[in-house]
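*Asks:* So I've got this file, upload-v9.cif, and it contains mmCIF, C-alpha atoms:
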```cif
data_entry
#
loop_
_atom_site.label_atom_id
_atom_site.label_comp_id
_atom_site.auth_asym_id
_atom_site.auth_seq_id
_atom_site.Cartn_x
_atom_site.Cartn_y
_atom_site.Cartn_z
CA MET S 1 89.69 -43.69 -15.94
CA PRO S 2 87.64 -41.11 -17.85
CA PRO S 3 84.07 -42.25 -18.60
CA ILE S 4 84.66 -41.88 -22.35
CA THR S 5 87.69 -41.83 -24.62
CA LEU S 6 88.46 -41.11 -28.23
CA GLU S 7 88.44 -44.87 -28.82
CA SER S 8 84.94 -45.31 -27.31
CA ILE S 9 83.65 -42.41 -29.42
CA ARG S 10 85.18 -43.90 -32.58
CA ALA S 11 83.59 -47.26 -31.70
CA ALA S 12 80.24 -45.50 -31.33
CA ARG S 13 80.77 -43.88 -34.74
CA ASP S 14 81.34 -47.28 -36.33
CA ARG S 15 78.28 -48.65 -34.53
CA ILE S 16 75.77 -45.93 -35.44
CA GLY S 17 77.24 -44.58 -38.66
CA ASP S 18 74.83 -46.30 -41.04
CA ALA S 19 71.79 -44.68 -39.35
CA ILE S 20 73.09 -41.23 -38.29
CA TYR S 21 73.45 -38.36 -40.74
CA HIS S 22 76.88 -36.74 -41.01
CA SER S 23 75.45 -33.23 -40.80
CA PRO S 24 77.19 -30.40 -42.72
CA CYS S 25 79.23 -27.64 -41.12
CA PRO S 26 79.12 -24.75 -43.63
CA TYR S 27 80.62 -21.28 -43.38
CA SER S 28 78.19 -18.41 -42.77
CA LEU S 29 79.18 -15.05 -44.23
CA SER S 30 76.24 -13.22 -42.62
CA LEU S 31 76.88 -14.54 -39.12
CA SER S 32 80.63 -14.01 -39.50
CA ARG S 33 80.04 -10.33 -40.23
CA LEU S 34 77.77 -10.02 -37.20
CA CYS S 35 80.12 -11.80 -34.79
CA GLY S 36 83.46 -10.49 -36.06
CA CYS S 37 84.94 -13.96 -36.60
CA SER S 38 84.65 -16.84 -39.06
CA ILE S 39 81.43 -18.65 -38.11
CA TYR S 40 80.68 -22.21 -39.17
CA CYS S 41 77.37 -23.83 -38.21
CA LYS S 42 77.18 -27.53 -37.37
CA LEU S 43 73.69 -28.30 -38.63
CA ASP S 44 72.72 -31.21 -36.41
CA HIS S 45 69.11 -30.07 -36.35
CA LEU S 46 68.98 -31.85 -39.72
CA GLN S 47 69.03 -35.28 -38.07
CA MET S 48 65.91 -37.35 -38.74
CA THR S 49 64.33 -36.42 -35.39
CA GLY S 50 65.55 -32.83 -35.46
CA SER S 51 68.37 -33.02 -32.92
CA PHE S 52 71.72 -34.55 -31.98
CA LYS S 53 70.11 -36.72 -29.29
CA GLU S 54 69.58 -39.71 -31.54
CA ARG S 55 73.35 -40.26 -31.72
CA GLY S 56 73.58 -41.30 -28.07
CA ALA S 57 70.18 -42.99 -28.08
CA ARG S 58 71.06 -45.34 -30.94
CA ASN S 59 74.46 -46.15 -29.49
CA LYS S 60 72.87 -47.11 -26.16
CA LEU S 61 70.10 -49.19 -27.74
CA LEU S 62 72.56 -51.11 -29.92
CA LEU S 63 74.72 -51.89 -26.90
CA LEU S 64 71.65 -53.09 -24.98
CA THR S 65 70.80 -55.32 -27.95
CA ALA S 66 74.34 -56.72 -28.02
CA ALA S 67 74.21 -57.40 -24.27
CA ALA S 68 70.85 -59.16 -24.62
CA HIS S 69 72.18 -61.36 -27.42
CA ALA S 70 75.26 -62.20 -25.36
CA ALA S 71 72.94 -63.29 -22.54
CA GLY S 72 71.05 -65.58 -24.88
CA GLN S 73 68.00 -63.33 -25.28
CA LYS S 74 66.51 -62.67 -28.70
CA GLU S 75 65.86 -58.97 -28.01
CA PRO S 76 66.36 -56.63 -25.06
CA GLY S 77 63.34 -55.72 -22.94
CA GLY S 78 61.61 -52.37 -23.06
CA VAL S 79 63.28 -49.12 -22.06
CA VAL S 80 62.10 -45.97 -20.28
CA ALA S 81 63.53 -42.46 -20.23
CA ALA S 82 62.82 -39.00 -18.88
CA SER S 83 63.09 -36.19 -21.42
CA ALA S 84 61.95 -32.68 -22.25
CA GLY S 85 61.62 -33.88 -25.84
CA ASN S 86 64.69 -34.46 -27.99
CA HIS S 87 66.08 -37.46 -26.08
CA ALA S 88 62.59 -38.91 -26.21
CA LEU S 89 62.39 -38.41 -29.98
CA GLY S 90 65.76 -40.02 -30.63
CA LEU S 91 64.99 -42.95 -28.37
CA ALA S 92 61.48 -43.47 -29.79
CA TYR S 93 62.64 -43.32 -33.42
CA HIS S 94 65.57 -45.70 -33.05
CA GLY S 95 63.64 -47.94 -30.66
CA GLN S 96 61.02 -48.34 -33.38
CA LEU S 97 63.70 -49.12 -35.98
CA LEU S 98 65.32 -51.69 -33.71
CA GLY S 99 62.08 -53.20 -32.41
CA ILE S 100 62.57 -52.11 -28.80
CA PRO S 101 59.48 -50.82 -26.86
CA VAL S 102 60.04 -47.30 -25.53
CA ALA S 103 58.23 -45.41 -22.77
CA VAL S 104 59.03 -41.75 -22.15
CA VAL S 105 58.15 -39.55 -19.18
CA MET S 106 57.98 -35.85 -20.10
CA PRO S 107 57.33 -32.79 -17.94
CA ARG S 108 53.83 -31.39 -18.51
CA TRP S 109 55.26 -28.29 -20.22
CA ALA S 110 57.13 -30.28 -22.90
CA PRO S 111 56.62 -28.63 -26.34
CA LEU S 112 53.62 -30.03 -28.20
CA VAL S 113 55.61 -30.71 -31.37
CA LYS S 114 57.97 -32.99 -29.45
CA VAL S 115 55.13 -34.83 -27.69
CA SER S 116 53.18 -35.47 -30.91
CA ASN S 117 56.27 -36.44 -32.92
CA CYS S 118 57.38 -38.84 -30.22
CA ARG S 119 53.98 -40.53 -30.20
CA SER S 120 54.18 -40.86 -33.99
CA PHE S 121 57.25 -43.11 -33.51
CA GLY S 122 55.22 -45.50 -31.39
CA ALA S 123 56.48 -44.54 -27.95
CA GLU S 124 54.30 -44.55 -24.85
CA ILE S 125 54.20 -40.96 -23.60
CA ILE S 126 53.60 -40.17 -19.92
CA LEU S 127 53.28 -36.49 -18.94
CA HIS S 128 54.29 -36.07 -15.31
CA GLY S 129 55.55 -33.22 -13.12
CA GLU S 130 56.58 -29.63 -13.72
CA THR S 131 60.33 -30.17 -14.01
CA PHE S 132 62.74 -32.55 -15.67
CA ASP S 133 63.66 -33.87 -12.23
CA ASP S 134 60.00 -34.75 -11.51
CA ALA S 135 59.85 -36.64 -14.80
CA ARG S 136 63.14 -38.42 -14.11
CA GLN S 137 62.02 -39.62 -10.68
CA HIS S 138 58.79 -40.98 -12.12
CA ALA S 139 60.72 -42.73 -14.92
CA LEU S 140 62.98 -44.44 -12.36
CA GLU S 141 59.91 -45.64 -10.47
CA LEU S 142 58.43 -47.03 -13.69
CA ALA S 143 61.70 -48.77 -14.52
CA SER S 144 61.66 -50.54 -11.17
CA ARG S 145 57.96 -51.42 -11.29
CA ARG S 146 57.86 -52.65 -14.90
CA LYS S 147 61.41 -54.06 -15.02
CA LEU S 148 62.46 -51.70 -17.82
CA SER S 149 65.95 -50.43 -18.61
CA PHE S 150 66.26 -46.75 -17.67
CA ILE S 151 68.08 -44.77 -20.38
CA PRO S 152 69.63 -41.55 -19.01
CA ALA S 153 69.40 -38.44 -21.15
CA PHE S 154 73.06 -37.54 -20.64
CA ASP S 155 74.96 -39.02 -17.66
CA ASP S 156 75.89 -42.35 -19.22
CA PRO S 157 79.17 -43.30 -20.97
CA ASP S 158 77.36 -44.84 -23.95
CA ILE S 159 75.15 -41.78 -24.41
CA MET S 160 78.14 -39.45 -24.04
CA ALA S 161 80.19 -41.44 -26.55
CA GLY S 162 77.33 -41.30 -29.06
CA GLN S 163 77.09 -37.54 -28.71
CA GLY S 164 80.87 -37.30 -29.08
CA THR S 165 80.57 -38.51 -32.69
CA LEU S 166 79.44 -34.98 -33.48
CA GLY S 167 82.89 -33.79 -32.36
CA LEU S 168 84.59 -36.25 -34.73
CA GLU S 169 82.58 -34.85 -37.63
CA ILE S 170 83.48 -31.24 -36.77
CA LEU S 171 87.21 -32.03 -36.78
CA GLU S 172 86.90 -33.99 -40.03
CA ASP S 173 85.16 -31.09 -41.76
CA LEU S 174 87.14 -28.25 -40.15
CA PRO S 175 90.45 -29.63 -38.81
CA ASP S 176 91.83 -26.15 -38.03
CA VAL S 177 88.86 -25.00 -35.93
CA ASP S 178 89.86 -22.62 -33.11
CA ALA S 179 86.76 -22.78 -30.90
CA ILE S 180 83.55 -24.78 -30.58
CA ILE S 181 80.58 -23.18 -28.84
CA CYS S 182 78.22 -25.82 -27.51
CA PRO S 183 74.89 -25.58 -25.63
CA VAL S 184 74.89 -27.21 -22.19
CA GLY S 185 71.92 -28.92 -20.55
CA GLY S 186 72.89 -32.03 -18.63
CA GLY S 187 76.38 -31.99 -20.14
CA GLY S 188 76.36 -35.10 -22.36
CA LEU S 189 76.89 -33.24 -25.62
CA ILE S 190 79.67 -30.92 -24.51
CA SER S 191 81.54 -33.69 -22.68
CA GLY S 192 81.41 -35.92 -25.77
CA ILE S 193 82.45 -33.15 -28.15
CA ALA S 194 85.23 -31.98 -25.83
CA THR S 195 86.67 -35.48 -25.48
CA ALA S 196 86.79 -36.04 -29.24
CA ALA S 197 87.92 -32.56 -30.21
CA LYS S 198 90.65 -32.19 -27.59
CA ALA S 199 92.09 -35.61 -28.46
CA LEU S 200 92.37 -34.66 -32.13
CA ARG S 201 93.22 -30.97 -31.70
CA PRO S 202 94.43 -30.17 -28.14
CA GLY S 203 94.49 -26.42 -28.80
CA VAL S 204 90.81 -26.10 -29.69
CA ARG S 205 88.78 -24.11 -27.15
CA ILE S 206 85.54 -25.67 -25.93
CA ILE S 207 83.04 -23.03 -24.78
CA GLY S 208 79.76 -23.98 -23.14
CA VAL S 209 76.67 -21.81 -23.10
CA GLU S 210 73.64 -21.98 -20.82
CA ALA S 211 70.49 -19.96 -20.37
CA GLU S 212 70.57 -17.57 -17.40
CA TYR S 213 67.43 -19.33 -16.16
CA ALA S 214 69.22 -22.71 -16.06
CA PRO S 215 72.88 -22.02 -15.12
CA THR S 216 73.64 -25.51 -13.82
CA MET S 217 77.08 -26.24 -15.30
CA HIS S 218 78.18 -22.64 -14.75
CA ALA S 219 77.32 -22.87 -11.05
CA SER S 220 78.85 -26.34 -10.69
CA LEU S 221 82.18 -25.34 -12.27
CA ALA S 222 82.32 -22.27 -10.03
CA ALA S 223 81.72 -24.45 -6.96
CA GLY S 224 84.11 -27.21 -8.05
CA LYS S 225 81.40 -29.85 -7.67
CA VAL S 226 77.97 -30.66 -9.06
CA ARG S 227 75.42 -28.23 -7.69
CA ARG S 228 71.66 -28.46 -7.93
CA VAL S 229 70.25 -25.19 -9.30
CA PRO S 230 66.49 -24.51 -9.51
CA THR S 231 65.60 -23.64 -13.10
CA ARG S 232 63.01 -21.23 -14.45
CA PRO S 233 60.98 -21.52 -17.67
CA THR S 234 63.21 -20.60 -20.61
CA LEU S 235 63.08 -20.40 -24.40
CA ALA S 236 65.94 -22.92 -24.27
CA ASP S 237 63.66 -25.57 -22.78
CA GLY S 238 66.03 -28.37 -23.78
CA LEU S 239 68.66 -26.93 -21.41
CA ALA S 240 66.35 -26.65 -18.39
CA VAL S 241 68.11 -29.28 -16.27
CA ALA S 242 68.46 -28.68 -12.53
CA GLU S 243 71.58 -30.81 -12.10
CA VAL S 244 74.28 -31.73 -14.60
CA GLY S 245 75.48 -35.31 -14.78
CA GLN S 246 78.34 -36.26 -12.47
CA LEU S 247 80.23 -38.04 -15.27
CA CYS S 248 79.61 -35.11 -17.62
CA PHE S 249 80.85 -32.66 -14.99
CA GLU S 250 84.10 -34.59 -14.46
CA VAL S 251 84.85 -34.37 -18.19
CA ALA S 252 83.75 -30.74 -18.50
CA ARG S 253 85.88 -29.43 -15.67
CA GLN S 254 88.95 -30.97 -17.30
CA LEU S 255 88.28 -30.02 -20.93
CA VAL S 256 85.87 -27.05 -21.11
CA GLU S 257 87.59 -23.66 -20.97
CA GLN S 258 84.55 -21.54 -20.14
CA VAL S 259 80.78 -21.58 -19.72
CA VAL S 260 78.87 -18.35 -20.40
CA LEU S 261 75.26 -17.41 -19.76
CA VAL S 262 72.78 -15.81 -22.15
CA SER S 263 69.49 -14.05 -21.41
CA GLU S 264 66.05 -14.81 -22.79
CA VAL S 265 66.32 -11.68 -24.96
CA ASP S 266 69.69 -12.90 -26.30
CA ILE S 267 68.13 -16.26 -27.19
CA ALA S 268 65.12 -14.69 -28.91
CA LYS S 269 67.40 -12.44 -30.99
CA ALA S 270 69.58 -15.41 -31.96
CA ILE S 271 66.54 -17.41 -33.14
CA LEU S 272 65.46 -14.39 -35.19
CA ARG S 273 68.94 -13.93 -36.71
CA LEU S 274 69.10 -17.60 -37.75
CA LEU S 275 65.63 -17.39 -39.27
CA GLU S 276 66.32 -14.19 -41.19
CA LEU S 277 69.93 -14.67 -42.24
CA GLU S 278 70.36 -18.44 -42.49
CA LYS S 279 66.73 -19.36 -43.30
CA MET S 280 66.82 -21.94 -40.50
CA VAL S 281 64.27 -22.58 -37.76
CA ILE S 282 66.34 -23.45 -34.67
CA GLU S 283 64.94 -24.11 -31.22
CA GLY S 284 66.01 -22.00 -28.26
CA ALA S 285 68.58 -24.49 -26.93
CA GLY S 286 70.20 -24.79 -30.36
CA ALA S 287 70.36 -21.01 -30.82
CA THR S 288 72.24 -20.31 -27.57
CA GLY S 289 75.60 -20.76 -29.30
CA LEU S 290 74.90 -17.83 -31.61
CA ALA S 291 73.53 -15.85 -28.66
CA ALA S 292 76.87 -16.38 -26.89
CA ALA S 293 78.92 -15.37 -29.93
CA LEU S 294 76.86 -12.20 -30.39
CA THR S 295 76.80 -11.24 -26.71
CA HIS S 296 80.17 -12.46 -25.41
CA GLY S 297 82.31 -12.50 -28.57
CA GLN S 298 84.74 -9.83 -27.35
CA ARG S 299 85.05 -11.33 -23.89
CA LEU S 300 85.68 -14.76 -25.42
CA GLN S 301 88.32 -13.28 -27.75
CA LEU S 302 86.78 -14.76 -30.88
CA ALA S 303 87.91 -12.03 -33.29
CA GLY S 304 89.60 -13.52 -36.34
CA LYS S 305 89.07 -17.11 -35.13
CA LYS S 306 87.37 -20.05 -36.81
CA VAL S 307 84.38 -20.79 -34.60
CA VAL S 308 81.84 -23.62 -34.86
CA LEU S 309 78.36 -23.07 -33.46
CA VAL S 310 76.64 -26.35 -32.62
CA LEU S 311 73.04 -25.90 -33.82
CA CYS S 312 71.92 -28.99 -32.00
CA GLY S 313 68.13 -28.93 -32.41
CA GLY S 314 65.28 -27.55 -34.51
CA ASN S 315 62.20 -28.85 -32.71
CA ILE S 316 60.57 -25.56 -31.84
CA ASP S 317 56.84 -25.40 -31.10
CA VAL S 318 55.22 -23.53 -34.01
CA THR S 319 52.87 -21.78 -31.59
CA MET S 320 55.93 -20.11 -30.08
CA ILE S 321 57.56 -18.89 -33.28
CA SER S 322 55.45 -15.75 -33.77
CA ARG S 323 55.93 -14.74 -30.13
CA ILE S 324 59.67 -15.32 -30.33
CA ILE S 325 59.92 -13.30 -33.55
CA GLU S 326 58.04 -10.38 -31.99
CA ARG S 327 60.13 -10.61 -28.80
CA GLY S 328 63.31 -10.61 -30.84
CA MET S 329 62.16 -7.71 -33.02
CA ALA S 330 61.27 -5.66 -29.93
CA ALA S 331 64.69 -6.35 -28.40
CA ASP S 332 66.22 -5.34 -31.73
CA GLY S 333 64.40 -1.99 -31.83
CA ARG S 334 62.34 -3.12 -34.84
CA LEU S 335 59.03 -3.29 -33.00
CA ALA S 336 57.90 -0.61 -30.56
CA ARG S 337 54.83 0.37 -28.59
CA LEU S 338 54.10 3.95 -27.53
CA THR S 339 51.15 5.24 -25.54
CA ILE S 340 50.44 8.83 -26.60
CA ASP S 341 48.11 11.20 -24.71
CA ILE S 342 46.15 13.42 -27.12
CA PRO S 343 43.23 15.88 -26.77
CA ASP S 344 39.85 14.16 -27.20
CA ARG S 345 38.95 16.31 -30.19
CA PRO S 346 38.57 15.70 -33.95
CA GLY S 347 41.80 15.60 -35.95
CA TYR S 348 44.30 14.94 -33.13
CA LEU S 349 44.52 11.18 -33.68
CA ALA S 350 45.14 11.77 -37.39
CA ARG S 351 47.79 14.35 -36.50
CA ALA S 352 49.65 11.89 -34.23
CA LEU S 353 49.53 9.10 -36.80
CA SER S 354 50.65 11.45 -39.57
CA LEU S 355 53.66 12.45 -37.49
CA LEU S 356 54.60 8.77 -37.07
CA ALA S 357 54.22 8.22 -40.82
CA GLU S 358 56.39 11.25 -41.62
CA HIS S 359 59.19 9.68 -39.60
CA GLY S 360 58.98 6.28 -41.28
CA ALA S 361 57.13 4.23 -38.65
CA ASN S 362 54.86 1.51 -39.99
CA VAL S 363 51.79 1.46 -37.72
CA LYS S 364 50.51 -2.09 -37.16
CA GLN S 365 47.88 -1.54 -34.49
CA VAL S 366 46.08 1.38 -32.78
CA GLU S 367 44.06 1.22 -29.55
CA HIS S 368 42.04 4.33 -28.72
CA ASP S 369 41.20 4.24 -24.98
CA ARG S 370 38.63 6.68 -23.57
CA HIS S 371 37.88 4.72 -20.39
CA PHE S 372 41.26 4.35 -18.71
CA GLY S 373 43.12 7.35 -20.03
CA PRO S 374 44.99 10.17 -18.27
CA ALA S 375 43.66 11.92 -15.18
CA ASP S 376 42.82 14.92 -17.38
CA VAL S 377 39.41 13.98 -18.82
CA ALA S 378 40.08 16.20 -21.85
CA LEU S 379 42.78 13.75 -22.95
CA VAL S 380 42.62 10.18 -24.23
CA SER S 381 45.35 7.54 -24.53
CA VAL S 382 46.29 6.08 -27.88
CA SER S 383 48.46 2.94 -27.81
CA VAL S 384 50.35 2.46 -31.07
CA LEU S 385 52.23 -0.69 -32.07
CA MET S 386 54.65 0.07 -34.91
CA GLU S 387 57.51 -1.37 -36.90
CA THR S 388 60.73 0.64 -36.75
CA ARG S 389 64.23 0.33 -38.17
CA ASP S 390 66.23 0.18 -34.93
CA ALA S 391 66.62 1.73 -31.49
CA ALA S 392 67.92 5.01 -32.97
CA HIS S 393 64.77 5.26 -35.11
CA ILE S 394 62.59 4.88 -32.01
CA GLN S 395 64.49 7.71 -30.33
CA GLU S 396 63.97 9.86 -33.43
CA ILE S 397 60.21 9.28 -33.23
CA ARG S 398 60.11 10.03 -29.51
CA ALA S 399 61.98 13.29 -30.10
CA ALA S 400 59.52 14.28 -32.84
CA LEU S 401 56.53 13.61 -30.55
CA GLN S 402 58.14 15.63 -27.79
CA GLU S 403 58.83 18.51 -30.17
CA ALA S 404 55.16 18.43 -31.23
CA GLY S 405 54.12 18.84 -27.57
CA MET S 406 52.70 15.33 -27.19
CA THR S 407 53.21 13.37 -23.98
CA PHE S 408 53.81 9.64 -24.20
CA ASP S 409 55.09 6.55 -22.41
#
```
How would this structure read if it were set down as structure tokens?

*Replies:*
Amino acid sequence: MPPITLESIRAARDRIGDAIYHSPCPYSLSLSRLCGCSIYCKLDHLQMTGSFKERGARNKLLLLTAAAHAAGQKEPGGVVAASAGNHALGLAYHGQLLGIPVAVVMPRWAPLVKVSNCRSFGAEIILHGETFDDARQHALELASRRKLSFIPAFDDPDIMAGQGTLGLEILEDLPDVDAIICPVGGGGLISGIATAAKALRPGVRIIGVEAEYAPTMHASLAAGKVRRVPTRPTLADGLAVAEVGQLCFEVARQLVEQVVLVSEVDIAKAILRLLELEKMVIEGAGATGLAAALTHGQRLQLAGKKVVLVLCGGNIDVTMISRIIERGMAADGRLARLTIDIPDRPGYLARALSLLAEHGANVKQVEHDRHFGPADVALVSVSVLMETRDAAHIQEIRAALQEAGMTFD
């Protein structure tokens, strides 16, 4: 028997519906033009805690409460989980609403915004280990020692069914959808969405997307079994899971057509596009769907199709936003740095900067280095950070410098 069914997802919907927001799924003209297909964005970052994770968390907590009542207990005991942030937030928020004590073990690198928000919901936060797996192992030890219920982040039928309610909403709002592009971490979200969507519309294509630095489902599907893959730090920190869930994998290999990988540059550009065009701040994991549509659209044969991007989270650390914007602008050819060698004589710096101005570059920063310049002591290096229109504009500027006899890197 499959771990979840359309009936179990519908039951979860009935159970959690009064506390979970039916997030909108609007059409985006700007993104459709960029991707060459009709793009609809499922805005689940608008949930109370900023991500889809509270769907599964509330479903699990309510079932624990029901089981406790059936056993003659007034309330269930405390629970513990391991999470990079969003599962923790969903569990802490709904645990507080339901009166259930929550402890969460997070890797030490968990984003500050997720740590502080989770604490604000009354959860006990324990920072342990460098990876999600380290945190999970410590959470299991705590569960045994304190006699707490361990709540998995993804590989649990109740969690998966809760996440699958998102798939029901997509098909209600867009019954003729052709493809759904869904981020993949441990696999709970995509397995839930795939189960619901395929049951209601068998022809819909379910496409998973992972960061290149955490290609766990991609590697597992290629191998035909769950494979453990060491992850590297990624902008999509919510997807940095070393091993997908076994239950999630069994569903995914039956219902998911394809899993594609996106680079860190692709993710940064997608975050920037969503910020500029849709006026939405989406975390790296949530932006991978757009990164896939932009990078792999032709390969995925999306042209002319109705495509839903699951924007599953918006809990991005504000300290990272400026760096991500600059990284995305640099990848886009809208931010460039050139190091120009000029004679160490009056007027040459002004001449170089005037040439940049003549060609439309907006100079943001200039560093004039006399100490570590070229081997020729008559020259100095000038590092210029500038805003440009695109990659072609940068080439135009480089050609102008070359024509003026200036050497540069």

*Asks:* Running the PyMOL selection byres ((chain S and resi 11) around 12) on this model by hand, what would come out? Give it as a PyMOL selection string.

*Replies:* chain S and resi 4-10+12-17+59+62-63+158+161-162+164-165+168+196

*Asks:* I need the chosen residues saved as a PDB file, in the coordinates of the input, with C-alpha atoms.

*Replies:*
```pdb
ATOM      1  CA  ILE S   4      84.660 -41.880 -22.350  1.00  0.00           C
ATOM      2  CA  THR S   5      87.690 -41.830 -24.620  1.00  0.00           C
ATOM      3  CA  LEU S   6      88.460 -41.110 -28.230  1.00  0.00           C
ATOM      4  CA  GLU S   7      88.440 -44.870 -28.820  1.00  0.00           C
ATOM      5  CA  SER S   8      84.940 -45.310 -27.310  1.00  0.00           C
ATOM      6  CA  ILE S   9      83.650 -42.410 -29.420  1.00  0.00           C
ATOM      7  CA  ARG S  10      85.180 -43.900 -32.580  1.00  0.00           C
ATOM      8  CA  ALA S  12      80.240 -45.500 -31.330  1.00  0.00           C
ATOM      9  CA  ARG S  13      80.770 -43.880 -34.740  1.00  0.00           C
ATOM     10  CA  ASP S  14      81.340 -47.280 -36.330  1.00  0.00           C
ATOM     11  CA  ARG S  15      78.280 -48.650 -34.530  1.00  0.00           C
ATOM     12  CA  ILE S  16      75.770 -45.930 -35.440  1.00  0.00           C
ATOM     13  CA  GLY S  17      77.240 -44.580 -38.660  1.00  0.00           C
ATOM     14  CA  ASN S  59      74.460 -46.150 -29.490  1.00  0.00           C
ATOM     15  CA  LEU S  62      72.560 -51.110 -29.920  1.00  0.00           C
ATOM     16  CA  LEU S  63      74.720 -51.890 -26.900  1.00  0.00           C
ATOM     17  CA  ASP S 158      77.360 -44.840 -23.950  1.00  0.00           C
ATOM     18  CA  ALA S 161      80.190 -41.440 -26.550  1.00  0.00           C
ATOM     19  CA  GLY S 162      77.330 -41.300 -29.060  1.00  0.00           C
ATOM     20  CA  GLY S 164      80.870 -37.300 -29.080  1.00  0.00           C
ATOM     21  CA  THR S 165      80.570 -38.510 -32.690  1.00  0.00           C
ATOM     22  CA  LEU S 168      84.590 -36.250 -34.730  1.00  0.00           C
ATOM     23  CA  ALA S 196      86.790 -36.040 -29.240  1.00  0.00           C
TER      24      ALA S 196
END
```

*Asks:* As an exercise, work out the distance from CA of Thr195 in chain S to CA of Ser51 in chain S in Å and give it to one decimal place.

*Replies:*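 Atom-to-atom, CA of Thr195 in chain S to CA of Ser51 in chain S, that is 19.9 Å.
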
*Asks:* Name the residues captured by the PyMOL selection byres ((chain S and resi 265-272) around 6) when it is applied to the shown file; answer as number ranges by chain.

*Replies:* S: 262-264, 273-275, 287-288, 290-291, 324-325, 328

*Asks:* Go through range 238-279 of chain S residue by residue and, counting all atoms listed in the file, keep those with an atom at most 8 Å from range 117-132 of chain S; for each kept residue give the shortest atom pair and its distance in Å to one decimal, ordered by chain and increasing number, as CSV.

*Replies:*
```
residue,atom,partner,partner_atom,distance
S:Ala240,CA,S:Phe132,CA,7.4
S:Val241,CA,S:Phe132,CA,6.3
S:Ala242,CA,S:Phe132,CA,7.6
```

*Asks:* Could you check the closest approach to Ala375 in chain S for each of S:Ser220, S:Glu212, S:Asp341, S:Cys248 and tell me which residue wins, using only C-alpha atoms?

*Replies:* S:Asp341

*Asks:* Can you work out the spacing between CA of Gln137 in chain S and CA of Thr319 in chain S in Å, to one decimal?

*Replies:* 29.0 Å

*Asks:* Please write as a PyMOL selection string the full residue list that the PyMOL selection byres ((chain S and resi 382-389) around 8) yields on this file.

*Replies:* chain S and resi 333-342+349+360-369+380-381+390-394

*Asks:* Can you pull out every residue within 9 Å of Arg227 in chain S, counting only C-alpha atoms, but drop anything in the same chain fewer than 6 positions away, and send it as JSON, numbers by chain?

*Replies:* {"S": [216, 217, 219, 220, 221, 242, 243, 244]}

*Asks:* For each of S:Ala292, S:Gly185, S:Lys114, S:Pro175, take the minimum atom-to-atom distance to Leu200 in chain S, counting only C-alpha atoms, then give the residue where this is smallest.

*Replies:*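 Checking each of S:Ala292, S:Gly185, S:Lys114, S:Pro175 against Leu200 in chain S, counting only C-alpha atoms, the winner is S:Pro175.
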
*Asks:* (52.1, -29.0, -32.1) in this file's frame - what residues fall within 12 Å of it? Use all atoms listed in the file and give the answer as a count of residues only.

*Replies:* 17

*Asks:* In terms of the shortest atom-to-atom distance over all atoms listed in the file, which of S:Gln73, S:Ser191, S:Asn86, S:Thr231 is closest to Phe52 in chain S?

*Replies:*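 Nearest to Phe52 in chain S: S:Asn86.
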
*Asks:* Suppose you want the space between CA of Met280 in chain S and CA of His45 in chain S; what is it in Å?

*Replies:*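 Going from CA of Met280 in chain S over to CA of His45 in chain S, I get 9.4 Å.
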
*Asks:* Could you model N, CA and C atoms for range 248-257 of chain S and present them as a compact mmCIF listing (two decimals), in the frame of the given file?

*Replies:*
```txt
# COMPACT_ATOMS: atom_id res chain seq x y z
N CYS S 248 79.46 -36.24 -16.69
CA CYS S 248 79.61 -35.11 -17.62
C CYS S 248 80.42 -33.98 -16.97
N PHE S 249 80.14 -33.73 -15.70
CA PHE S 249 80.85 -32.66 -14.99
C PHE S 249 82.35 -32.97 -14.89
N GLU S 250 82.69 -34.23 -14.60
CA GLU S 250 84.10 -34.59 -14.46
C GLU S 250 84.85 -34.35 -15.76
N VAL S 251 84.21 -34.63 -16.89
CA VAL S 251 84.85 -34.37 -18.19
C VAL S 251 84.93 -32.87 -18.44
N ALA S 252 83.82 -32.17 -18.19
CA ALA S 252 83.75 -30.74 -18.50
C ALA S 252 84.77 -29.93 -17.71
N ARG S 253 84.95 -30.26 -16.45
CA ARG S 253 85.88 -29.43 -15.67
C ARG S 253 87.33 -29.64 -16.08
N GLN S 254 87.61 -30.74 -16.79
CA GLN S 254 88.95 -30.97 -17.30
C GLN S 254 89.16 -30.37 -18.70
N LEU S 255 88.10 -30.33 -19.51
CA LEU S 255 88.28 -30.02 -20.93
C LEU S 255 87.58 -28.76 -21.42
N VAL S 256 86.62 -28.24 -20.66
CA VAL S 256 85.87 -27.05 -21.11
C VAL S 256 86.52 -25.80 -20.53
N GLU S 257 86.90 -24.88 -21.43
CA GLU S 257 87.59 -23.66 -20.97
C GLU S 257 86.67 -22.71 -20.22
```
